[in-house]
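Pasted below: entry-v1.cif, mmCIF, C-alpha atoms.
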```cif
data_query
#
loop_
_atom_site.label_atom_id
_atom_site.label_comp_id
_atom_site.auth_asym_id
_atom_site.auth_seq_id
_atom_site.Cartn_x
_atom_site.Cartn_y
_atom_site.Cartn_z
CA MET A 1 -24.58 37.15 -72.54
CA ASN A 2 -22.61 37.25 -69.29
CA GLY A 3 -22.05 33.50 -69.41
CA HIS A 4 -20.71 33.74 -72.96
CA ASN A 5 -18.35 36.57 -71.97
CA ASN A 6 -17.10 34.55 -69.01
CA ASP A 7 -16.44 31.48 -71.17
CA THR A 8 -14.50 33.63 -73.62
CA ALA A 9 -12.42 35.21 -70.86
CA VAL A 10 -11.37 31.87 -69.29
CA ALA A 11 -11.15 29.76 -72.46
CA ASN A 12 -7.33 29.97 -72.62
CA VAL A 13 -6.68 29.95 -68.89
CA ARG A 14 -4.09 27.52 -67.54
CA SER A 15 -4.77 26.61 -63.91
CA VAL A 16 -2.68 24.95 -61.24
CA TYR A 17 -4.34 23.35 -58.23
CA PHE A 18 -2.56 22.44 -55.03
CA GLY A 19 -4.62 20.29 -52.68
CA LYS A 20 -6.36 16.94 -52.46
CA LEU A 21 -9.72 17.33 -50.72
CA LEU A 22 -11.54 19.11 -53.54
CA ARG A 23 -9.67 17.97 -56.64
CA ASP A 24 -12.63 16.24 -58.26
CA ALA A 25 -15.02 19.09 -57.56
CA ILE A 26 -12.64 21.75 -58.86
CA PHE A 27 -11.80 19.70 -61.94
CA GLU A 28 -15.50 19.34 -62.73
CA CYS A 29 -15.93 23.09 -62.36
CA LEU A 30 -12.91 24.23 -64.40
CA ASP A 31 -12.54 21.49 -67.02
CA LYS A 32 -15.61 22.64 -68.98
CA HIS A 33 -14.45 26.24 -69.20
CA THR A 34 -10.65 26.49 -69.07
CA LYS A 35 -7.87 25.29 -71.32
CA GLU A 36 -5.94 23.23 -68.77
CA VAL A 37 -6.04 22.21 -65.12
CA ILE A 38 -2.85 20.84 -63.57
CA PHE A 39 -2.89 19.18 -60.15
CA ILE A 40 0.37 19.29 -58.23
CA ASP A 41 1.56 17.57 -55.05
CA ASP A 42 4.83 19.45 -54.50
CA PHE A 43 4.09 23.16 -54.59
CA GLN A 44 7.62 24.47 -54.11
CA SER A 45 9.16 22.14 -56.69
CA TYR A 46 6.56 22.98 -59.33
CA ILE A 47 6.74 26.75 -58.85
CA GLN A 48 10.54 26.85 -58.91
CA GLN A 49 10.68 24.88 -62.18
CA GLN A 50 8.51 27.35 -64.08
CA THR A 51 9.88 29.82 -66.56
CA PHE A 52 8.28 33.11 -67.50
CA LEU A 53 6.67 31.49 -70.56
CA SER A 54 5.38 28.39 -68.75
CA LEU A 55 3.73 30.13 -65.81
CA PRO A 56 0.04 29.35 -65.24
CA ASP A 57 -2.61 32.07 -65.29
CA LEU A 58 -4.33 30.95 -62.12
CA VAL A 59 -3.06 29.31 -58.92
CA LEU A 60 -5.62 27.65 -56.65
CA ILE A 61 -4.49 26.58 -53.18
CA GLU A 62 -6.42 24.60 -50.60
CA VAL A 63 -6.09 25.89 -47.05
CA ASP A 64 -7.59 22.90 -45.21
CA GLU A 65 -4.97 20.38 -44.10
CA ASN A 66 -2.34 22.66 -45.63
CA PRO A 67 -0.44 24.48 -42.87
CA GLU A 68 1.93 25.92 -45.48
CA TRP A 69 -0.67 27.90 -47.46
CA PHE A 70 0.39 31.18 -45.83
CA ASN A 71 4.05 30.66 -46.79
CA GLN A 72 3.06 29.54 -50.28
CA VAL A 73 1.09 32.70 -50.98
CA SER A 74 3.84 34.81 -49.40
CA PHE A 75 6.42 33.16 -51.66
CA ILE A 76 4.36 34.02 -54.75
CA ARG A 77 3.69 37.62 -53.72
CA ASP A 78 7.35 38.25 -52.78
CA HIS A 79 8.75 36.76 -55.99
CA PRO A 80 9.65 39.37 -58.67
CA ILE A 81 8.16 37.27 -61.50
CA LEU A 82 5.41 35.29 -59.77
CA LYS A 83 3.91 38.16 -57.78
CA HIS A 84 1.40 39.06 -60.50
CA LEU A 85 -0.14 35.58 -60.67
CA ILE A 86 -3.82 35.28 -59.78
CA VAL A 87 -4.07 33.39 -56.49
CA VAL A 88 -7.37 32.00 -55.19
CA LEU A 89 -7.62 30.17 -51.87
CA ILE A 90 -10.23 27.48 -51.26
CA GLY A 91 -11.41 25.96 -47.99
CA THR A 92 -14.28 23.81 -46.77
CA THR A 93 -15.07 25.75 -43.57
CA GLU A 94 -15.34 29.47 -42.95
CA ASN A 95 -12.33 30.81 -41.06
CA ALA A 96 -12.32 34.54 -40.42
CA GLU A 97 -8.67 34.62 -39.37
CA SER A 98 -7.52 32.81 -42.51
CA ARG A 99 -9.63 35.13 -44.65
CA LYS A 100 -8.08 38.18 -43.01
CA LYS A 101 -4.57 36.78 -43.52
CA ALA A 102 -5.43 36.09 -47.17
CA LEU A 103 -6.46 39.72 -47.70
CA LYS A 104 -3.25 40.98 -46.13
CA LEU A 105 -1.23 38.67 -48.38
CA ARG A 106 -3.12 40.11 -51.36
CA ALA A 107 -4.65 36.81 -52.39
CA ASN A 108 -7.18 37.60 -55.09
CA ASP A 109 -10.03 35.73 -53.42
CA TYR A 110 -10.98 33.20 -50.78
CA TYR A 111 -13.79 30.69 -51.46
CA VAL A 112 -15.51 28.28 -49.12
CA TYR A 113 -16.75 25.11 -50.80
CA PRO A 114 -19.47 24.33 -51.80
CA PHE A 115 -20.13 27.39 -53.94
CA PRO A 116 -22.08 27.95 -57.22
CA HIS A 117 -19.88 26.97 -60.14
CA ALA A 118 -21.23 29.80 -62.27
CA ASP A 119 -20.25 32.39 -59.66
CA PHE A 120 -16.78 30.89 -59.37
CA ILE A 121 -16.20 30.99 -63.13
CA SER A 122 -17.58 34.52 -63.28
CA ARG A 123 -15.13 35.64 -60.61
CA ILE A 124 -12.17 34.03 -62.35
CA ALA A 125 -13.21 35.66 -65.61
CA PHE A 126 -13.27 39.04 -63.88
CA LEU A 127 -9.81 38.48 -62.37
CA ILE A 128 -8.40 37.49 -65.77
CA ARG A 129 -9.86 40.57 -67.44
CA PHE A 130 -8.70 42.77 -64.56
CA LYS A 131 -5.16 41.41 -64.82
CA ALA A 132 -5.12 42.21 -68.53
CA ILE A 133 -6.04 45.85 -67.98
CA LYS A 134 -4.38 46.36 -64.58
CA PRO A 135 -1.42 48.40 -65.95
CA ASN A 136 -3.94 50.79 -67.50
CA ILE A 137 -5.87 50.98 -64.24
CA MET A 138 -2.69 51.83 -62.32
CA GLU A 139 -1.94 54.52 -64.88
CA LEU A 140 -5.52 55.75 -64.60
CA SER A 141 -5.13 55.95 -60.83
CA VAL A 142 -2.12 58.23 -61.27
CA GLN A 143 -4.06 60.30 -63.78
CA MET A 144 -7.00 60.55 -61.38
CA GLN A 145 -4.72 61.90 -58.66
CA GLU A 146 -3.20 64.37 -61.12
CA ARG A 147 -6.62 65.47 -62.37
CA TYR A 148 -8.28 65.54 -58.96
CA LYS A 149 -7.89 69.02 -57.60
CA ILE A 150 -9.61 70.09 -54.43
CA PRO A 151 -11.40 73.43 -54.91
CA LEU A 152 -9.11 76.30 -53.89
CA SER A 153 -11.61 77.72 -51.39
CA LYS A 154 -11.94 74.31 -49.72
CA ARG A 155 -8.17 73.80 -49.55
CA LEU A 156 -7.53 77.27 -48.11
CA PHE A 157 -10.19 76.72 -45.46
CA ASP A 158 -8.63 73.34 -44.60
CA ILE A 159 -5.15 74.83 -44.15
CA ILE A 160 -6.31 77.76 -42.00
CA ALA A 161 -8.73 75.74 -39.86
CA SER A 162 -6.47 72.72 -39.30
CA GLY A 163 -3.37 74.84 -38.71
CA THR A 164 -5.15 76.97 -36.12
CA ALA A 165 -6.63 73.90 -34.43
CA LEU A 166 -3.25 72.16 -34.24
CA LEU A 167 -1.67 75.22 -32.66
CA LEU A 168 -4.40 75.59 -30.04
CA LEU A 169 -4.62 71.87 -29.26
CA THR A 170 -0.88 71.25 -28.75
CA PRO A 171 -1.16 71.18 -24.90
CA LEU A 172 -4.05 68.70 -25.15
CA PHE A 173 -2.04 66.50 -27.52
CA ILE A 174 0.84 66.37 -25.01
CA LEU A 175 -1.49 65.51 -22.11
CA ILE A 176 -3.23 62.73 -24.03
CA GLY A 177 0.10 61.30 -25.15
CA ILE A 178 1.27 61.03 -21.54
CA MET A 179 -2.00 59.36 -20.47
CA ILE A 180 -1.83 56.81 -23.28
CA ARG A 181 1.72 55.79 -22.39
CA LEU A 182 0.87 55.52 -18.69
CA GLU A 183 -2.04 53.14 -19.36
CA SER A 184 -0.44 50.77 -21.86
CA LYS A 185 2.74 50.12 -23.79
CA GLY A 186 2.92 50.99 -27.44
CA ALA A 187 2.97 53.97 -29.77
CA ILE A 188 0.97 57.06 -28.86
CA ILE A 189 -0.09 57.66 -32.45
CA TYR A 190 -1.62 54.78 -34.39
CA LYS A 191 -0.61 54.94 -38.04
CA SER A 192 -2.18 52.89 -40.82
CA LYS A 193 -2.39 52.96 -44.61
CA ARG A 194 -5.65 54.39 -45.93
CA VAL A 195 -7.11 55.01 -49.37
CA GLY A 196 -8.48 58.46 -50.10
CA ALA A 197 -9.55 60.55 -53.09
CA GLY A 198 -8.48 59.13 -56.44
CA TYR A 199 -7.31 55.95 -54.69
CA LYS A 200 -4.41 57.85 -53.15
CA ILE A 201 -2.74 55.80 -50.38
CA PHE A 202 -1.41 57.69 -47.38
CA ASP A 203 -0.49 57.31 -43.69
CA PHE A 204 -3.54 57.93 -41.52
CA TYR A 205 -3.09 59.16 -37.92
CA LYS A 206 -5.12 58.55 -34.74
CA PHE A 207 -4.44 58.49 -31.03
CA ARG A 208 -4.03 54.83 -30.12
CA SER A 209 -7.18 53.69 -28.35
CA MET A 210 -6.71 49.92 -28.60
CA ARG A 211 -4.48 47.24 -27.18
CA GLN A 212 -1.23 46.53 -29.01
CA ASP A 213 -2.54 43.16 -30.28
CA ALA A 214 -5.84 44.60 -31.57
CA ASP A 215 -5.23 43.62 -35.21
CA LYS A 216 -4.63 39.97 -34.22
CA MET A 217 -8.03 39.80 -32.50
CA ILE A 218 -10.18 40.63 -35.56
CA GLY A 219 -10.57 36.97 -36.57
CA GLU A 220 -11.80 36.01 -33.10
CA LEU A 221 -14.41 38.80 -33.17
CA ALA A 222 -15.74 38.29 -36.70
CA SER A 223 -19.23 37.37 -35.48
CA LEU A 224 -19.52 40.79 -33.78
CA ASN A 225 -18.91 42.75 -37.00
CA GLN A 226 -21.69 45.31 -37.29
CA TYR A 227 -21.81 44.78 -41.07
CA ALA A 228 -21.31 40.99 -41.09
CA ASN A 229 -24.83 40.18 -42.29
CA GLU A 230 -24.39 42.32 -45.39
CA GLY A 231 -21.36 40.55 -46.81
CA ASN A 232 -21.31 39.39 -50.43
CA LYS A 233 -21.78 35.83 -51.62
CA ASN A 234 -18.43 34.85 -50.15
CA GLY A 235 -19.36 36.14 -46.70
CA LYS A 236 -17.20 39.27 -46.93
CA SER A 237 -18.18 42.76 -45.89
CA ALA A 238 -16.49 45.88 -47.17
CA PHE A 239 -16.55 47.48 -43.71
CA VAL A 240 -15.43 46.20 -40.32
CA LYS A 241 -16.82 47.67 -37.09
CA PHE A 242 -17.56 46.00 -33.76
CA ASN A 243 -20.21 46.86 -31.21
CA ASN A 244 -18.72 47.35 -27.71
CA ASP A 245 -15.29 46.50 -29.10
CA PRO A 246 -13.33 44.56 -26.40
CA ARG A 247 -10.01 45.60 -27.94
CA ILE A 248 -10.44 49.20 -26.76
CA THR A 249 -8.60 50.37 -23.64
CA ARG A 250 -10.30 52.24 -20.79
CA LEU A 251 -8.80 55.56 -21.89
CA GLY A 252 -9.52 54.58 -25.48
CA LYS A 253 -13.24 54.36 -24.73
CA ILE A 254 -13.22 57.96 -23.54
CA LEU A 255 -11.16 59.12 -26.52
CA ARG A 256 -13.52 57.39 -28.92
CA LYS A 257 -16.72 58.48 -27.20
CA THR A 258 -15.61 62.10 -27.50
CA SER A 259 -13.93 61.51 -30.90
CA ILE A 260 -10.70 62.96 -29.47
CA ASP A 261 -8.85 59.96 -30.94
CA GLU A 262 -9.49 61.47 -34.38
CA LEU A 263 -7.71 64.77 -33.69
CA PRO A 264 -4.29 63.75 -35.12
CA GLN A 265 -6.01 63.61 -38.50
CA LEU A 266 -5.79 67.39 -38.45
CA ILE A 267 -2.20 66.72 -39.51
CA ASN A 268 -3.51 64.76 -42.52
CA VAL A 269 -5.79 67.69 -43.34
CA PHE A 270 -3.01 70.27 -43.00
CA ILE A 271 -0.61 68.43 -45.32
CA GLY A 272 -3.32 67.71 -47.91
CA ASP A 273 -4.01 63.99 -47.53
CA MET A 274 -7.55 64.76 -46.41
CA SER A 275 -10.05 67.56 -46.09
CA LEU A 276 -12.02 68.59 -43.01
CA VAL A 277 -15.16 67.27 -44.69
CA GLY A 278 -15.36 64.27 -47.01
CA ASN A 279 -15.72 60.50 -47.14
CA ARG A 280 -13.79 58.55 -44.55
CA PRO A 281 -10.57 57.10 -46.04
CA LEU A 282 -10.67 53.30 -45.97
CA PRO A 283 -8.12 50.65 -44.99
CA LEU A 284 -6.61 48.92 -48.03
CA TYR A 285 -8.48 45.64 -47.53
CA GLU A 286 -11.81 47.51 -47.40
CA ALA A 287 -11.06 49.75 -50.39
CA GLU A 288 -10.13 46.73 -52.52
CA GLN A 289 -13.68 45.43 -52.15
CA LEU A 290 -15.24 48.66 -53.47
CA THR A 291 -14.15 48.30 -57.08
CA THR A 292 -17.52 48.03 -58.84
CA ASN A 293 -18.84 50.96 -60.85
CA LYS A 294 -21.71 51.31 -58.40
CA TRP A 295 -19.53 51.99 -55.36
CA SER A 296 -16.13 53.16 -56.64
CA SER A 297 -17.42 56.70 -57.27
CA ARG A 298 -17.04 57.37 -53.53
CA PHE A 299 -13.32 57.81 -54.30
CA ASN A 300 -14.11 60.69 -56.67
CA GLY A 301 -14.73 62.93 -53.67
CA PRO A 302 -12.26 64.15 -51.04
CA ALA A 303 -11.36 62.06 -48.02
CA GLY A 304 -12.47 63.77 -44.84
CA LEU A 305 -12.18 64.07 -41.08
CA THR A 306 -15.97 64.23 -40.84
CA GLY A 307 -18.75 63.66 -43.33
CA LEU A 308 -22.33 62.65 -44.01
CA TRP A 309 -21.89 59.25 -42.36
CA GLN A 310 -20.73 60.78 -39.09
CA ILE A 311 -23.63 63.24 -38.80
CA SER A 312 -26.33 60.98 -40.20
CA ARG A 313 -26.46 57.67 -38.40
CA ARG A 314 -23.07 56.90 -36.91
CA GLY A 315 -23.26 54.53 -33.99
CA ARG A 316 -26.77 53.27 -34.71
CA LYS A 317 -27.20 49.54 -35.19
CA GLU A 318 -29.61 50.03 -38.08
CA MET A 319 -26.95 51.80 -40.14
CA SER A 320 -26.45 49.31 -42.97
CA GLU A 321 -23.39 48.92 -45.15
CA SER A 322 -25.43 49.78 -48.23
CA GLU A 323 -26.71 52.99 -46.63
CA ARG A 324 -23.20 54.02 -45.71
CA LYS A 325 -22.03 53.49 -49.29
CA GLU A 326 -24.95 55.53 -50.59
CA LEU A 327 -23.99 58.42 -48.31
CA ASP A 328 -20.40 58.26 -49.57
CA ASN A 329 -21.52 58.31 -53.19
CA TYR A 330 -23.91 61.20 -52.56
CA TYR A 331 -21.19 63.35 -51.03
CA ALA A 332 -18.71 62.56 -53.81
CA ASN A 333 -21.27 63.69 -56.40
CA HIS A 334 -22.64 66.74 -54.58
CA TYR A 335 -19.96 68.16 -52.28
CA SER A 336 -19.72 71.95 -52.06
CA ILE A 337 -18.54 74.58 -49.59
CA PHE A 338 -22.14 75.11 -48.46
CA LEU A 339 -22.70 71.40 -47.82
CA ASP A 340 -19.37 71.29 -45.95
CA PHE A 341 -20.40 74.10 -43.58
CA LYS A 342 -23.70 72.33 -42.94
CA ILE A 343 -21.88 69.10 -42.08
CA ILE A 344 -19.38 70.88 -39.83
CA LEU A 345 -22.20 72.53 -37.85
CA LYS A 346 -23.91 69.16 -37.38
CA THR A 347 -20.68 67.37 -36.47
CA ILE A 348 -20.37 68.94 -33.02
CA PRO A 349 -23.49 67.29 -31.52
CA ALA A 350 -22.56 64.05 -33.29
CA LEU A 351 -19.20 63.87 -31.50
CA ILE A 352 -20.72 62.40 -28.35
CA GLN A 353 -21.76 58.96 -29.56
CA LYS A 354 -24.56 57.02 -27.98
CA GLU A 355 -22.88 53.66 -28.50
CA GLU A 356 -19.34 52.37 -28.22
CA VAL A 357 -18.68 51.45 -31.82
#
```
What does the file become when written as structure tokens?
Amino acid sequence: MNGHNNDTAVANVRSVYFGKLLRDAIFECLDKHTKEVIFIDDFQSYIQQQTFLSLPDLVLIEVDENPEWFNQVSFIRDHPILKHLIVVLIGTTENAESRKKALKLRANDYYVYPFPHADFISRIAFLIRFKAIKPNIMELSVQMQERYKIPLSKRLFDIIASGTALLLLTPLFILIGIMIRLESKGAIIYKSKRVGAGYKIFDFYKFRSMRQDADKMIGELASLNQYANEGNKNGKSAFVKFNNDPRITRLGKILRKTSIDELPQLINVFIGDMSLVGNRPLPLYEAEQLTTNKWSSRFNGPAGLTGLWQISRRGRKEMSESERKELDNYYANHYSIFLDFKIILKTIPALIQKEEV
């Protein structure tokens, strides 16, 4: 049944392929299922000649021996008409840095050949169906945020507790800020986009505990990812966390070990982005991978400063990605003021971590 549904979904798909190494293999894979496969040698010329009515449904770009792939994807995503095209990158060797760049560019997927043809067609079918209903999903996301209301008792507790804590901790905030600036250049507060309850995207605050070039080092450290062995068929993992992370500064290690680096999130709690207790808000590239029915329910609960993951098995090597997702889903389905108080009481001894993770 799934195979039939996939064939139906891709039957009218028009594909464009830019690259030479895998042309024959990709043609063999797509020709049996899709309407048309066009192979191009001049990417820029082809794309610029297209009109709204002649645009393909799917753009496949080889990354091997193609130093321009980054600019090509950027061009598509920055173009007012082309930006909604489905873009899939294909390589012959795993490259963590290229994969990370692809996620940031919002490429729809990144495959390393050889791969099962059936899985590839299934993924394309999903992307086609998703594109067809995406406007409704975006509308649903807005509706979810409008419908999602944190219980009044929980919100009042958040405001009082976070407001009081911020007032009392102001001298500590100033001291830590000075120490951070003395040790290394860069902003005192690290700000990043995170996804919380109802897929709400907001600015997430932490004391900076890493070097300025920390984000650029992720590709080099991919093999140290604590969740690397639990990636999906394409080698991806929804979570990224390194054991004994070399990107962390000396002061940063202390801030992280005591969880003091998390204190600026009290601001997020006070203004309503988060709650004191909930599921940790995720970076965009992690949240995008949790779109299946099985795991997306974790976004039905509030985002939190602390939660079940922190008090259960944080910092332990045997904490698997699947277990962490299960904890998130459990809290989203069962959270209450009583469970929150229980988690808060257990958070204090969990602040001092046994490992530098």
Query - Explicit residue set for the PyMOL selection byres ((chain A and resi 69) around 12), as an MDAnalysis selection string - result: chainID A and resid 18:19 43:44 59:68 70:76 87:91 98:99 101:102 105 107
Report task. Rounded to one decimal place, report the atom CA of Val37 of chain A-atom CA of Val16 of chain A distance in Å. Result -> 5.8 Å
**Report entry** Which of A:Phe207, A:Phe27, A:Tyr190, A:Phe299 sits closest to Lys325 of chain A [using all atoms listed in the file]
**Finding:** A:Phe299
Query raised in the report: What residues have an atom no more than 10 Å from (-6.9, 67.3, -32.5) in the file's own frame, counting all atoms listed in the file, and can you write them as an NGL selection string?
Result: :A and (162 or 165-170 or 172-173 or 206-207 or 259-267)
Okay, now the selection with C-alpha atoms, as a PDB file, in the coordinates of the input?
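For reference, out.pdb as written:
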```pdb
ATOM      1  CA  SER A 162      -6.470  72.720 -39.300  1.00  0.00           C
ATOM      2  CA  ALA A 165      -6.630  73.900 -34.430  1.00  0.00           C
ATOM      3  CA  LEU A 166      -3.250  72.160 -34.240  1.00  0.00           C
ATOM      4  CA  LEU A 167      -1.670  75.220 -32.660  1.00  0.00           C
ATOM      5  CA  LEU A 168      -4.400  75.590 -30.040  1.00  0.00           C
ATOM      6  CA  LEU A 169      -4.620  71.870 -29.260  1.00  0.00           C
ATOM      7  CA  THR A 170      -0.880  71.250 -28.750  1.00  0.00           C
ATOM      8  CA  LEU A 172      -4.050  68.700 -25.150  1.00  0.00           C
ATOM      9  CA  PHE A 173      -2.040  66.500 -27.520  1.00  0.00           C
ATOM     10  CA  LYS A 206      -5.120  58.550 -34.740  1.00  0.00           C
ATOM     11  CA  PHE A 207      -4.440  58.490 -31.030  1.00  0.00           C
ATOM     12  CA  SER A 259     -13.930  61.510 -30.900  1.00  0.00           C
ATOM     13  CA  ILE A 260     -10.700  62.960 -29.470  1.00  0.00           C
ATOM     14  CA  ASP A 261      -8.850  59.960 -30.940  1.00  0.00           C
ATOM     15  CA  GLU A 262      -9.490  61.470 -34.380  1.00  0.00           C
ATOM     16  CA  LEU A 263      -7.710  64.770 -33.690  1.00  0.00           C
ATOM     17  CA  PRO A 264      -4.290  63.750 -35.120  1.00  0.00           C
ATOM     18  CA  GLN A 265      -6.010  63.610 -38.500  1.00  0.00           C
ATOM     19  CA  LEU A 266      -5.790  67.390 -38.450  1.00  0.00           C
ATOM     20  CA  ILE A 267      -2.200  66.720 -39.510  1.00  0.00           C
TER      21      ILE A 267
END
```
Query raised in the report: Could you name the residues that touch Val277 of chain A at 12 Å or less, counting all atoms listed in the file, but leaving out those on the same chain fewer than 4 positions away, as a ChimeraX atom specification?
Result: /A:150,154-155,157-158,161-162,265-266,269,273,281,301-311,328,331-332,335-347
Query - Using all atoms listed in the file: which of A:Ile159, A:Leu182, A:Arg77, A:Asn333 has the shortest distance to Lys104 of chain A - result: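 Checking each of A:Ile159, A:Leu182, A:Arg77, A:Asn333 against Lys104 of chain A, counting all atoms listed in the file, the winner is A:Arg77.
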Let me know the centre plus edge lengths, in Å and rounded to one decimal, of a box with edges along x, y and z that contains all listed atoms of segment 195-204 of chain A and is padded by 8 Å on every side, as AutoDock Vina command-line options.
```
--center_x -5.0 --center_y 57.8 --center_z -49.0 --size_x 25.1 --size_y 21.5 --size_z 30.9
```
Query - Atomic distance atom CA of Ser54 of chain A - atom CA of Ile38 of chain A, expressed in Å with one decimal - result: 12.3 Å
Report task. For atom CA of Lys185 of chain A and atom CA of Arg211 of chain A, quote the distance in Å rounded to one decimal. Result ->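 Atom-to-atom, atom CA of Lys185 of chain A to atom CA of Arg211 of chain A, that is 8.5 Å.
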Report task. For each of A:Val112, A:Ile188, A:Ile180, A:Leu103, take the minimum atom-to-atom distance to Leu284 of chain A, counting all atoms listed in the file, then give the residue where this is smallest. Result ->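 So, comparing all the options, the nearest one is A:Leu103.
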Query raised in the report: In file coordinates, which residues lie within 12 Å of (0.9, 28.3, -69.1) using all atoms listed in the file, given as a VMD selection string?
Result: chain A and resid 12 to 16 34 to 38 47 50 to 59 85
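Among the candidate residues A:Gln48, A:Pro283, A:Leu276, A:His33, the one lying nearest to Ala118 of chain A is A:His33, with distances computed using all atoms listed in the file.
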